[in-house]
>>> print(open('structure_22.cif').read())   # mmCIF, C-alpha atoms and all ligand atoms
data_structure
#
loop_
_atom_site.label_atom_id
_atom_site.label_comp_id
_atom_site.auth_asym_id
_atom_site.auth_seq_id
_atom_site.Cartn_x
_atom_site.Cartn_y
_atom_site.Cartn_z
CA SER A 88 4.00 -29.73 -9.24
CA ASN A 89 7.29 -27.94 -10.00
CA ASP A 90 8.41 -29.67 -13.18
CA HIS A 91 11.79 -28.81 -14.59
CA ILE A 92 11.50 -26.05 -17.17
CA ASP A 93 12.87 -28.36 -19.91
CA ASP A 94 9.94 -30.72 -19.44
CA ASN A 95 7.73 -27.77 -19.65
CA ALA A 96 6.54 -27.20 -23.19
CA ARG A 97 4.71 -23.92 -23.41
CA ARG A 98 1.13 -24.66 -24.25
CA TYR A 99 -1.35 -22.70 -26.26
CA GLY A 100 -5.11 -22.61 -26.76
CA THR A 101 -8.05 -24.07 -24.90
CA GLN A 102 -6.36 -27.43 -24.44
CA ALA A 103 -3.58 -25.70 -22.54
CA ILE A 104 -6.10 -23.81 -20.43
CA THR A 105 -7.89 -27.07 -19.57
CA ALA A 106 -4.58 -28.68 -18.59
CA ALA A 107 -3.77 -25.65 -16.44
CA ALA A 108 -7.18 -25.84 -14.73
CA GLU A 109 -6.64 -29.53 -13.93
CA ARG A 110 -3.26 -28.81 -12.42
CA LEU A 111 -4.65 -25.96 -10.32
CA LYS A 112 -7.51 -28.12 -9.02
CA VAL A 113 -5.06 -30.63 -7.55
CA GLY A 114 -3.05 -27.91 -5.81
CA GLY A 115 -0.46 -27.20 -8.51
CA LEU A 116 0.98 -23.84 -9.54
CA VAL A 117 0.55 -22.33 -13.01
CA ALA A 118 2.09 -19.11 -14.37
CA VAL A 119 -0.69 -17.14 -16.04
CA PRO A 120 -0.85 -14.11 -18.33
CA THR A 121 -2.84 -11.08 -17.25
CA GLU A 122 -3.18 -7.67 -18.89
CA THR A 123 -0.74 -6.24 -16.30
CA VAL A 124 2.04 -8.77 -15.62
CA TYR A 125 2.30 -12.59 -15.49
CA GLY A 126 1.03 -14.09 -12.25
CA LEU A 127 2.00 -17.25 -10.34
CA ALA A 128 -1.43 -18.74 -9.69
CA ALA A 129 -2.81 -21.27 -7.22
CA ASP A 130 -6.19 -22.22 -5.75
CA SER A 131 -6.72 -19.60 -3.05
CA THR A 132 -8.59 -22.09 -0.83
CA ASN A 133 -5.74 -24.64 -0.81
CA ALA A 134 -3.29 -23.87 2.03
CA GLY A 135 -0.61 -26.19 0.65
CA ALA A 136 -0.73 -24.58 -2.79
CA ILE A 137 -0.51 -21.11 -1.24
CA ALA A 138 2.52 -22.18 0.79
CA ASP A 139 4.07 -23.30 -2.51
CA ILE A 140 3.61 -19.81 -3.98
CA TYR A 141 5.47 -18.18 -1.08
CA ARG A 142 8.21 -20.80 -1.28
CA THR A 143 8.62 -20.58 -5.06
CA LYS A 144 8.86 -16.78 -5.03
CA GLY A 145 10.97 -16.59 -1.87
CA ARG A 146 8.29 -14.18 -0.67
CA PRO A 147 8.10 -13.05 2.97
CA ASP A 148 4.98 -14.51 4.59
CA PHE A 149 3.75 -11.10 5.85
CA ASN A 150 3.10 -9.99 2.25
CA PRO A 151 -0.49 -10.96 1.30
CA LEU A 152 -1.65 -12.06 -2.17
CA ILE A 153 -4.25 -10.74 -4.62
CA VAL A 154 -7.14 -13.11 -5.38
CA HIS A 155 -8.41 -13.11 -8.97
CA VAL A 156 -12.13 -13.60 -9.56
CA PRO A 157 -14.30 -13.91 -12.70
CA SER A 158 -16.96 -11.35 -11.70
CA ILE A 159 -18.29 -8.95 -9.07
CA THR A 160 -20.73 -11.66 -7.97
CA ALA A 161 -17.84 -14.01 -7.27
CA ALA A 162 -15.87 -11.24 -5.54
CA LYS A 163 -18.73 -10.75 -3.07
CA LYS A 164 -18.26 -14.30 -1.76
CA LEU A 165 -14.82 -13.25 -0.56
CA GLY A 166 -15.09 -9.56 0.26
CA MET A 167 -17.68 -7.06 1.47
CA PHE A 168 -18.57 -4.39 -1.07
CA ASN A 169 -20.06 -1.09 0.02
CA VAL A 170 -21.49 1.43 -2.48
CA LEU A 171 -18.06 2.90 -3.23
CA ALA A 172 -16.40 -0.49 -3.79
CA GLU A 173 -19.26 -1.60 -6.01
CA LYS A 174 -19.02 1.59 -8.08
CA LEU A 175 -15.29 1.12 -8.66
CA ALA A 176 -15.72 -2.56 -9.53
CA LYS A 177 -18.52 -1.78 -11.98
CA ASP A 178 -16.52 0.93 -13.73
CA PHE A 179 -13.12 -0.75 -13.91
CA TRP A 180 -13.65 -4.55 -13.93
CA PRO A 181 -12.58 -6.52 -15.76
CA GLY A 182 -9.35 -4.57 -15.70
CA PRO A 183 -6.18 -3.50 -13.85
CA LEU A 184 -7.76 -2.41 -10.56
CA THR A 185 -7.36 -4.32 -7.27
CA LEU A 186 -9.79 -3.51 -4.46
CA VAL A 187 -8.88 -4.10 -0.81
CA VAL A 188 -12.10 -4.68 1.13
CA PRO A 189 -13.08 -6.37 4.43
CA LYS A 190 -13.17 -10.17 4.21
CA THR A 191 -16.58 -11.84 4.38
CA LYS A 192 -17.31 -13.85 7.53
CA ASP A 193 -17.16 -17.17 5.69
CA CYS A 194 -14.41 -16.19 3.26
CA PRO A 195 -13.04 -19.54 2.02
CA VAL A 196 -9.47 -18.48 1.22
CA ALA A 197 -6.51 -19.94 3.13
CA GLU A 198 -5.27 -17.77 6.04
CA ALA A 199 -1.87 -17.27 4.41
CA VAL A 200 -3.44 -15.54 1.37
CA THR A 201 -4.32 -12.50 3.48
CA ALA A 202 -1.31 -12.87 5.82
CA GLY A 203 -3.52 -12.53 8.88
CA LEU A 204 -5.24 -9.29 7.77
CA ASP A 205 -9.02 -8.90 8.04
CA THR A 206 -9.08 -7.41 4.53
CA ILE A 207 -8.66 -9.10 1.15
CA ALA A 208 -7.28 -7.81 -2.16
CA LEU A 209 -9.55 -8.73 -5.11
CA ARG A 210 -9.15 -8.26 -8.83
CA CYS A 211 -11.17 -9.29 -11.88
CA PRO A 212 -8.62 -9.49 -14.72
CA ALA A 213 -9.28 -8.69 -18.40
CA HIS A 214 -6.84 -11.00 -20.22
CA PRO A 215 -8.95 -13.49 -22.26
CA MET A 216 -6.79 -16.53 -21.37
CA MET A 217 -6.95 -15.71 -17.65
CA ARG A 218 -10.71 -15.16 -17.86
CA GLU A 219 -11.15 -18.51 -19.57
CA LEU A 220 -8.99 -20.19 -16.93
CA LEU A 221 -11.08 -18.68 -14.11
CA GLU A 222 -14.25 -19.85 -15.82
CA ILE A 223 -13.08 -23.38 -16.70
CA SER A 224 -11.48 -24.04 -13.30
CA GLY A 225 -14.22 -22.45 -11.21
CA LEU A 226 -11.43 -21.46 -8.79
CA PHE A 227 -10.57 -18.15 -7.15
CA LEU A 228 -6.92 -17.80 -8.04
CA ALA A 229 -4.36 -16.21 -5.74
CA ALA A 230 -1.59 -14.84 -7.96
CA PRO A 231 1.34 -12.59 -7.14
CA SER A 232 3.61 -11.50 -9.98
CA ALA A 233 5.51 -14.53 -11.32
CA ASN A 234 9.03 -13.43 -10.39
CA ARG A 235 11.40 -14.10 -7.52
CA SER A 236 10.46 -11.78 -4.66
CA GLY A 237 12.07 -8.35 -5.15
CA GLY A 238 13.00 -9.01 -8.79
CA ILE A 239 11.80 -7.44 -12.03
CA SER A 240 8.17 -8.25 -12.84
CA PRO A 241 7.50 -10.51 -15.86
CA THR A 242 5.62 -9.20 -18.90
CA MET A 243 6.48 -12.14 -21.17
CA ALA A 244 6.48 -15.92 -20.65
CA ASP A 245 10.27 -15.92 -21.08
CA HIS A 246 10.69 -13.57 -18.12
CA VAL A 247 8.86 -16.06 -15.90
CA ALA A 248 11.11 -18.91 -16.97
CA ARG A 249 14.23 -16.77 -16.41
CA SER A 250 13.17 -15.42 -13.01
CA LEU A 251 11.89 -18.66 -11.48
CA GLY A 252 14.37 -20.96 -13.25
CA ASN A 253 13.93 -24.62 -12.32
CA ALA A 254 11.09 -23.71 -9.99
CA ALA A 255 8.97 -22.42 -12.90
CA PRO A 256 5.70 -24.33 -13.10
CA LEU A 257 3.59 -24.77 -16.21
CA ILE A 258 3.54 -21.43 -18.03
CA LEU A 259 0.47 -20.38 -20.04
CA ASP A 260 1.90 -18.17 -22.77
CA GLY A 261 -0.52 -15.32 -23.45
CA GLY A 262 1.95 -13.09 -25.28
CA ARG A 263 3.13 -9.69 -24.08
CA CYS A 264 1.15 -8.09 -21.26
CA GLN A 265 -0.74 -5.10 -22.60
CA SER A 266 -0.50 -2.68 -19.66
CA GLY A 267 2.87 -3.99 -18.55
CA ILE A 268 2.66 -2.59 -15.03
CA GLU A 269 0.89 -4.08 -11.99
CA SER A 270 -2.70 -3.21 -11.17
CA THR A 271 -3.61 -0.09 -9.24
CA ILE A 272 -4.39 -1.12 -5.64
CA VAL A 273 -7.16 0.83 -3.93
CA ALA A 274 -8.17 0.25 -0.31
CA ILE A 275 -11.78 1.05 0.57
CA ARG A 276 -11.93 2.92 3.91
CA GLY A 277 -15.63 3.35 4.61
CA ASN A 278 -16.75 6.12 2.29
CA ASP A 279 -13.17 7.02 1.39
CA TYR A 280 -10.53 5.31 -0.66
CA GLN A 281 -6.77 5.24 -0.59
CA ILE A 282 -4.34 4.38 -3.41
CA LEU A 283 -1.92 1.78 -1.99
CA ARG A 284 -0.08 1.22 -5.28
CA PRO A 285 -0.29 3.49 -8.35
CA GLY A 286 -0.94 1.63 -11.62
CA PRO A 287 -2.68 1.68 -14.99
CA ILE A 288 -5.92 3.06 -13.52
CA THR A 289 -4.75 6.56 -12.65
CA ALA A 290 -5.67 8.86 -9.75
CA GLU A 291 -7.56 10.96 -12.32
CA ASN A 292 -9.52 7.90 -13.53
CA LEU A 293 -10.54 7.10 -9.94
CA GLN A 294 -11.48 10.67 -9.15
CA ASN A 295 -13.61 10.99 -12.29
CA THR A 296 -15.60 7.88 -11.47
CA THR A 297 -16.13 8.53 -7.76
CA SER A 298 -16.29 12.34 -7.86
CA GLN A 299 -13.96 12.30 -4.87
CA GLU A 300 -10.24 12.46 -4.29
CA ALA A 301 -8.23 9.63 -2.77
CA VAL A 302 -7.31 10.16 0.89
CA SER A 303 -3.57 10.34 1.36
CA GLN A 304 -1.40 7.39 2.36
CA ARG A 305 -0.86 6.87 6.04
CA SER A 306 2.85 7.30 6.39
CA THR A 307 3.72 4.72 9.05
CA ALA A 308 1.87 1.40 8.74
CA VAL A 309 2.99 -0.87 5.90
CA GLU A 310 -0.50 -1.25 4.46
CA ALA A 311 0.61 -2.92 1.25
CA PRO A 312 3.58 -4.82 2.58
CA GLY A 313 4.83 -5.48 -0.96
CA GLN A 314 5.32 -1.74 -1.22
CA LEU A 315 8.76 -1.98 0.31
CA ALA A 316 11.31 0.61 -0.75
CA SER A 317 13.44 -1.83 -2.72
CA HIS A 318 11.54 -3.90 -5.27
CA TYR A 319 11.54 -4.64 -9.02
CA ALA A 320 15.30 -4.43 -8.64
CA PRO A 321 17.75 -5.39 -11.39
CA SER A 322 21.08 -6.86 -10.30
CA LYS A 323 22.87 -3.58 -11.22
CA PRO A 324 22.75 -0.02 -9.83
CA VAL A 325 19.93 2.05 -11.38
CA HIS A 326 20.18 5.85 -11.75
CA LEU A 327 17.14 8.01 -12.48
CA ASN A 328 16.54 11.26 -14.38
CA ILE A 329 19.60 10.87 -16.62
CA SER A 330 19.53 12.59 -20.04
CA GLN A 331 23.10 11.94 -21.26
CA ALA A 332 24.97 8.74 -22.10
CA GLN A 333 27.37 7.71 -19.27
CA PRO A 334 30.39 5.36 -19.43
CA ASP A 335 29.57 1.64 -19.10
CA THR A 336 25.90 2.47 -18.56
CA TYR A 337 22.81 1.19 -20.38
CA LEU A 338 20.63 4.28 -20.88
CA ILE A 339 16.88 3.66 -21.09
CA GLY A 340 15.41 6.49 -23.17
CA PHE A 341 12.06 8.24 -23.25
CA GLY A 342 10.82 10.98 -25.59
CA LEU A 343 13.71 13.19 -26.73
CA VAL A 344 16.31 11.08 -24.85
CA ALA A 345 17.04 8.27 -27.33
CA GLY A 346 19.16 6.04 -25.07
CA ASP A 347 20.33 2.52 -25.92
CA SER A 348 16.65 1.69 -26.32
CA SER A 349 13.57 3.78 -25.61
CA LEU A 350 10.47 3.17 -23.52
CA SER A 351 8.62 5.39 -26.00
CA PRO A 352 10.34 7.55 -28.64
CA SER A 353 7.16 9.62 -28.98
CA GLY A 354 6.91 10.17 -25.22
CA ASP A 355 3.70 8.12 -24.81
CA LEU A 356 3.35 7.10 -21.14
CA ALA A 357 1.08 4.08 -21.74
CA GLU A 358 3.55 2.74 -24.30
CA ALA A 359 6.37 3.37 -21.82
CA ALA A 360 4.52 1.43 -19.10
CA ALA A 361 3.98 -1.51 -21.47
CA ASN A 362 7.73 -1.56 -22.22
CA LEU A 363 9.14 -0.81 -18.75
CA PHE A 364 9.83 -4.26 -17.28
CA ALA A 365 10.89 -5.85 -20.60
CA THR A 366 13.39 -2.99 -21.04
CA LEU A 367 14.71 -3.42 -17.48
CA HIS A 368 15.19 -7.13 -18.23
CA VAL A 369 17.20 -6.23 -21.38
CA ALA A 370 19.27 -3.61 -19.54
CA ASP A 371 19.97 -6.07 -16.73
CA ALA A 372 21.16 -8.70 -19.23
CA SER A 373 23.36 -6.23 -21.19
CA ASP A 374 27.16 -6.06 -20.92
CA ARG A 375 27.06 -2.67 -19.10
CA SER A 376 27.60 -2.53 -15.36
CA GLN A 377 25.03 0.21 -14.65
CA ILE A 378 21.55 1.25 -15.75
CA ALA A 379 20.28 4.81 -16.21
CA VAL A 380 16.76 5.98 -17.04
CA ALA A 381 15.65 9.19 -18.75
CA PRO A 382 13.27 11.56 -16.89
CA ILE A 383 9.61 10.45 -17.02
CA PRO A 384 6.81 12.99 -16.39
CA ASP A 385 4.78 12.19 -13.28
CA ALA A 386 1.34 12.80 -14.86
CA GLY A 387 -1.28 10.05 -15.27
CA ILE A 388 0.28 6.60 -15.54
CA GLY A 389 3.67 8.33 -15.25
CA ALA A 390 3.09 8.22 -11.47
CA ALA A 391 3.08 4.40 -11.61
CA LEU A 392 6.17 4.32 -13.84
CA ASN A 393 8.09 6.57 -11.46
CA ASP A 394 6.92 4.53 -8.45
CA ARG A 395 8.36 1.33 -10.00
CA LEU A 396 11.56 3.13 -11.09
CA ARG A 397 12.18 4.58 -7.61
CA ARG A 398 11.89 1.10 -6.11
CA ALA A 399 14.13 -0.37 -8.84
CA ALA A 400 16.75 2.28 -8.02
CA HIS A 401 16.51 1.98 -4.22
CA GLN A 402 19.36 0.15 -2.53
CA ASP A 403 18.95 -1.35 0.88
O1 LIG B 501 -1.41 -6.64 -11.62
C1 LIG B 501 -1.32 -7.27 -10.56
O2 LIG B 501 -1.85 -6.88 -9.51
C2 LIG B 501 -0.51 -8.57 -10.60
C3 LIG B 501 -1.25 -9.57 -11.48
C4 LIG B 501 -0.61 -10.94 -11.47
O3 LIG B 501 -2.61 -9.63 -11.12
N1 LIG B 501 -0.31 -9.10 -9.28
C5 LIG B 501 0.53 -8.50 -8.38
O4 LIG B 501 0.67 -9.20 -7.20
O5 LIG B 501 1.11 -7.46 -8.61
P1 LIG B 501 1.84 -8.91 -6.14
O6 LIG B 501 1.76 -9.99 -5.14
O7 LIG B 501 3.13 -8.75 -6.84
O8 LIG B 501 1.37 -7.61 -5.44
C6 LIG B 501 0.27 -7.67 -4.56
C7 LIG B 501 0.23 -6.48 -3.67
C8 LIG B 501 1.29 -6.50 -2.61
O9 LIG B 501 1.90 -5.23 -2.52
C9 LIG B 501 0.48 -6.82 -1.34
O10 LIG B 501 1.09 -6.32 -0.20
C10 LIG B 501 -0.83 -6.14 -1.65
O11 LIG B 501 -1.02 -6.43 -3.01
N2 LIG B 501 -1.94 -6.70 -0.88
C11 LIG B 501 -2.49 -7.92 -0.97
N3 LIG B 501 -3.48 -8.08 -0.06
C12 LIG B 501 -3.57 -6.92 0.61
C13 LIG B 501 -4.39 -6.45 1.68
N4 LIG B 501 -5.33 -7.20 2.24
N5 LIG B 501 -4.19 -5.18 2.12
C14 LIG B 501 -3.25 -4.39 1.58
N6 LIG B 501 -2.44 -4.79 0.56
C15 LIG B 501 -2.59 -6.04 0.09
MG MG B 502 5.16 -8.24 -7.50
#
>>> encode(input="structure_22.cif", output="structure tokens", more="lines below")
Ligand code: TXA
Ligand code: MG
Amino acid sequence: SNDHIDDNARRYGTQAITAAAERLKVGGLVAVPTETVYGLAADSTNAGAIADIYRTKGRPDFNPLIVHVPSITAAKKLGMFNVLAEKLAKDFWPGPLTLVVPKTKDCPVAEAVTAGLDTIALRCPAHPMMRELLEISGLFLAAPSANRSGGISPTMADHVARSLGNAAPLILDGGRCQSGIESTIVAIRGNDYQILRPGPITAENLQNTTSQEAVSQRSTAVEAPGQLASHYAPSKPVHLNISQAQPDTYLIGFGLVAGDSSLSPSGDLAEAAANLFATLHVADASDRSQIAVAPIPDAGIGAALNDRLRRAAHQD
């Protein structure tokens, strides 16, 4: 299933989606566009295919995967939805929100998808190509971001090819990802909810819909194991909150800080999120030995941007 990238003409249109569905049905991997980042997809009920995802990404096996579904009805076959979960799904699906809920008793996904947890992460994506793929295949698709584990997330088909190299499977090219930052992950805890990963659906968005605040993160347990300190990391040192050009450093600008390129000259946080990973890819490929990033306000989706930047800058 892992054809060499040279044999791997990018395919467009419904024909490509049909070919992708066929490959997925026989246990193959396909890189798929979503509105957040590109995913590396496989049939969530096929243990061999799921093992291939972990192998291809070099992902530790304690880090569970998100399963993508076409609808709330489909989601309920895999996870148990209480009133709060249902409300969030109704208000934000299809879209960049992942809900962590208890698994159903007869949940058909392979054990490795949930890495032994009794909860499952579910998301109904908005990208039209991904929606068509879910519909045509009839599969529930497990899909982590389509990059080597720990690397910069892909927001263009080219990023997938570069990150996975010869291991890149068929890539469905759906253009640039609109949000550009991974989905917000929310865990349902009875009548409360907890934000495990900030993303395009902001804390304010969640609070407005539920009329309640998120409960705060438990500090000890690694609830979203992918939320390790070092992640999204370029191959070079990354410095944050830098407003001035530095020697041999690629400066990523924002607002009044122009930089070598800017996430958003006008200081628009959604635009900055859409550009974040592509700009990190460019900075990583530049001839400078270091990367610096201008200060980003923490409001709204800025919280998600700063979360990704802190992990990109963390050295372990
Ligand atoms: O936007 C996205 O969510 C993208 C696109 C492709 O949908 N996917 C994505 O997947 O970001 P990934 O694997 O890079 O991140 C999934 C995160 C990890 O941090 C993982 O630990 C967490 O979801 N996760 C999965 N299942 C979980 C569970 N049962 N409980 C807590 N966290 C879970
Ligand atoms: Mg990822």
>>> residues_near_ligand(input="structure_22.cif", ligand="ligand MG 502 (chain B)", cutoff="7 Å", atoms="only C-alpha atoms and all ligand atoms", output="PyMOL selection string")
chain A and resi 231-232+236+240
>>> closest_atom_pairs(input="structure_22.cif", of="chain A", to="ligand LIG 501 (chain B)", cutoff="8 Å", atoms="only C-alpha atoms and all ligand atoms", output="tab-separated table")
residue	atom	partner	partner_atom	distance
A:Val119	CA	B:LIG501	C4	7.7
A:Pro120	CA	B:LIG501	C4	7.6
A:Thr121	CA	B:LIG501	C3	6.2
A:Glu122	CA	B:LIG501	O1	7.6
A:Thr123	CA	B:LIG501	O1	4.7
A:Val124	CA	B:LIG501	C3	5.3
A:Tyr125	CA	B:LIG501	C4	5.2
A:Gly126	CA	B:LIG501	C4	3.6
A:Leu127	CA	B:LIG501	C4	6.9
A:Asn150	CA	B:LIG501	O10	4.8
A:Pro151	CA	B:LIG501	C11	4.3
A:Leu152	CA	B:LIG501	C11	4.4
A:Ile153	CA	B:LIG501	C11	4.9
A:His155	CA	B:LIG501	O3	7.1
A:Pro183	CA	B:LIG501	O1	6.1
A:Leu184	CA	B:LIG501	O2	7.5
A:Thr185	CA	B:LIG501	O2	6.5
A:Val187	CA	B:LIG501	N4	5.6
A:Val188	CA	B:LIG501	N4	7.3
A:Val200	CA	B:LIG501	N3	7.6
A:Thr201	CA	B:LIG501	N4	5.5
A:Ala202	CA	B:LIG501	N4	7.8
A:Leu204	CA	B:LIG501	N4	5.9
A:Asp205	CA	B:LIG501	N4	7.1
A:Thr206	CA	B:LIG501	N4	4.4
A:Ile207	CA	B:LIG501	N4	4.0
A:Ala208	CA	B:LIG501	N3	4.4
A:Leu209	CA	B:LIG501	N3	7.9
A:Arg210	CA	B:LIG501	O3	7.1
A:Pro212	CA	B:LIG501	O3	7.0
A:Ala230	CA	B:LIG501	C4	5.3
A:Pro231	CA	B:LIG501	O6	3.3
A:Ser232	CA	B:LIG501	O7	4.2
A:Ala233	CA	B:LIG501	C4	7.1
A:Ser240	CA	B:LIG501	O7	7.9
A:Ile268	CA	B:LIG501	O1	6.7
A:Glu269	CA	B:LIG501	O1	3.5
A:Ser270	CA	B:LIG501	O1	3.7
A:Thr271	CA	B:LIG501	O2	7.0
A:Ile272	CA	B:LIG501	O11	6.8
A:Ala274	CA	B:LIG501	C14	7.0
A:Leu283	CA	B:LIG501	N6	7.1
A:Arg284	CA	B:LIG501	O9	7.3
A:Glu310	CA	B:LIG501	C14	5.1
A:Ala311	CA	B:LIG501	N6	3.6
A:Pro312	CA	B:LIG501	O10	4.0
A:Gly313	CA	B:LIG501	O9	3.3
A:Gln314	CA	B:LIG501	O9	5.1
>>> closest_residue(input="structure_22.cif", among="A:Val302, A:Ala372, A:Ala381, A:Val170", to="Ala332 of chain A", atoms="only C-alpha atoms")
A:Ala381
>>> closest_residue(input="structure_22.cif", among="A:Ile104, A:Ile137, A:Val247, A:Ala213", to="Ser158 of chain A", atoms="all atoms listed in the file")
A:Ala213
>>> atom_distance(input="structure_22.cif", atom1="atom CA of Lys190 of chain A", atom2="atom CA of Tyr141 of chain A")
21.0 Å
>>> atom_distance(input="structure_22.cif", atom1="atom CA of Cys194 of chain A", atom2="atom CA of Leu165 of chain A")
4.8 Å
>>> atom_distance(input="structure_22.cif", atom1="atom CA of Ile378 of chain A", atom2="atom CA of Val325 of chain A")
4.7 Å
>>> closest_residue(input="structure_22.cif", among="A:Leu221, A:Ala138, A:Ala108, A:Ala118", to="Ala161 of chain A", atoms="all atoms listed in the file")
A:Leu221
>>> residues_near_point(input="structure_22.cif", point="(-17.7, -2.9, -11.4)", cutoff="12 Å", atoms="all atoms listed in the file", output="compact mmCIF listing (two decimals) with C-alpha atoms, in the frame of the given file")
# COMPACT_ATOMS: atom_id res chain seq x y z
CA PRO A 157 -14.30 -13.91 -12.70
CA SER A 158 -16.96 -11.35 -11.70
CA ILE A 159 -18.29 -8.95 -9.07
CA THR A 160 -20.73 -11.66 -7.97
CA ALA A 161 -17.84 -14.01 -7.27
CA ALA A 162 -15.87 -11.24 -5.54
CA LYS A 163 -18.73 -10.75 -3.07
CA PHE A 168 -18.57 -4.39 -1.07
CA ASN A 169 -20.06 -1.09 0.02
CA VAL A 170 -21.49 1.43 -2.48
CA LEU A 171 -18.06 2.90 -3.23
CA ALA A 172 -16.40 -0.49 -3.79
CA GLU A 173 -19.26 -1.60 -6.01
CA LYS A 174 -19.02 1.59 -8.08
CA LEU A 175 -15.29 1.12 -8.66
CA ALA A 176 -15.72 -2.56 -9.53
CA LYS A 177 -18.52 -1.78 -11.98
CA ASP A 178 -16.52 0.93 -13.73
CA PHE A 179 -13.12 -0.75 -13.91
CA TRP A 180 -13.65 -4.55 -13.93
CA PRO A 181 -12.58 -6.52 -15.76
CA GLY A 182 -9.35 -4.57 -15.70
CA PRO A 183 -6.18 -3.50 -13.85
CA LEU A 184 -7.76 -2.41 -10.56
CA THR A 185 -7.36 -4.32 -7.27
CA LEU A 186 -9.79 -3.51 -4.46
CA LEU A 209 -9.55 -8.73 -5.11
CA ARG A 210 -9.15 -8.26 -8.83
CA CYS A 211 -11.17 -9.29 -11.88
CA PRO A 212 -8.62 -9.49 -14.72
CA THR A 296 -15.60 7.88 -11.47
>>> residues_around(input="structure_22.cif", residues="Gly340 of chain A", least_positions_apart="2", cutoff="7 Å", atoms="only C-alpha atoms", output="JSON, numbers by chain")
{"A": [338, 342, 344, 345, 346, 347, 348, 349, 350, 380, 381]}
>>> closest_residue(input="structure_22.cif", among="A:Ala129, A:Ile339, A:Ile140, A:Pro285", to="Gly389 of chain A", atoms="only C-alpha atoms")
A:Pro285
>>> closest_residue(input="structure_22.cif", among="A:Gly238, A:Pro215, A:Gly225, A:Gly286", to="Lys112 of chain A", atoms="only C-alpha atoms")
A:Gly225
>>> closest_residue(input="structure_22.cif", among="A:Ala399, A:Ala136, A:Ala128, A:Met217", to="Ser317 of chain A", atoms="only C-alpha atoms")
A:Ala399
>>> residues_around(input="structure_22.cif", residues="Leu327 of chain A", least_positions_apart="3", cutoff="8 Å", atoms="all atoms listed in the file", output="PyMOL selection string")
chain A and resi 379-382+396-397+400
>>> decode(input="structure_22.cif", residues="segment 263-277 of chain A", atoms="N, CA and C atoms", output="mmCIF file, in the first residue's frame")
data_model
loop_
_atom_site.group_PDB
_atom_site.id
_atom_site.type_symbol
_atom_site.label_atom_id
_atom_site.label_comp_id
_atom_site.auth_asym_id
_atom_site.auth_seq_id
_atom_site.Cartn_x
_atom_site.Cartn_y
_atom_site.Cartn_z
ATOM 1 N N ARG A 263 -5.112 24.036 -0.074
ATOM 2 C CA ARG A 263 -4.653 24.483 1.245
ATOM 3 C C ARG A 263 -5.747 24.291 2.281
ATOM 4 N N CYS A 264 -5.371 23.847 3.472
ATOM 5 C CA CYS A 264 -6.362 23.670 4.536
ATOM 6 C C CYS A 264 -6.807 25.044 5.038
ATOM 7 N N GLN A 265 -8.113 25.185 5.190
ATOM 8 C CA GLN A 265 -8.666 26.504 5.486
ATOM 9 C C GLN A 265 -8.331 26.998 6.899
ATOM 10 N N SER A 266 -8.558 26.151 7.908
ATOM 11 C CA SER A 266 -8.238 26.583 9.281
ATOM 12 C C SER A 266 -6.746 26.540 9.532
ATOM 13 N N GLY A 267 -6.095 25.491 9.057
ATOM 14 C CA GLY A 267 -4.641 25.411 9.132
ATOM 15 C C GLY A 267 -4.084 24.982 10.469
ATOM 16 N N ILE A 268 -4.940 24.692 11.421
ATOM 17 C CA ILE A 268 -4.480 24.285 12.750
ATOM 18 C C ILE A 268 -5.407 23.144 13.185
ATOM 19 N N GLU A 269 -4.892 22.164 13.931
ATOM 20 C CA GLU A 269 -5.679 20.976 14.254
ATOM 21 C C GLU A 269 -6.931 21.315 15.052
ATOM 22 N N SER A 270 -7.897 20.401 14.952
ATOM 23 C CA SER A 270 -9.184 20.581 15.628
ATOM 24 C C SER A 270 -9.021 20.803 17.131
ATOM 25 N N THR A 271 -9.959 21.533 17.694
ATOM 26 C CA THR A 271 -10.083 21.651 19.140
ATOM 27 C C THR A 271 -10.518 20.291 19.673
ATOM 28 N N ILE A 272 -9.830 19.778 20.705
ATOM 29 C CA ILE A 272 -10.268 18.510 21.310
ATOM 30 C C ILE A 272 -10.927 18.796 22.653
ATOM 31 N N VAL A 273 -12.162 18.327 22.781
ATOM 32 C CA VAL A 273 -12.937 18.522 24.008
ATOM 33 C C VAL A 273 -13.299 17.154 24.577
ATOM 34 N N ALA A 274 -12.969 16.919 25.829
ATOM 35 C CA ALA A 274 -13.378 15.680 26.504
ATOM 36 C C ALA A 274 -14.652 15.960 27.288
ATOM 37 N N ILE A 275 -15.639 15.091 27.111
ATOM 38 C CA ILE A 275 -16.880 15.189 27.878
ATOM 39 C C ILE A 275 -16.669 14.455 29.191
ATOM 40 N N ARG A 276 -16.892 15.148 30.311
ATOM 41 C CA ARG A 276 -16.737 14.544 31.646
ATOM 42 C C ARG A 276 -18.076 14.665 32.349
ATOM 43 N N GLY A 277 -18.980 13.736 32.090
ATOM 44 C CA GLY A 277 -20.324 13.861 32.656
ATOM 45 C C GLY A 277 -20.959 15.136 32.157
#
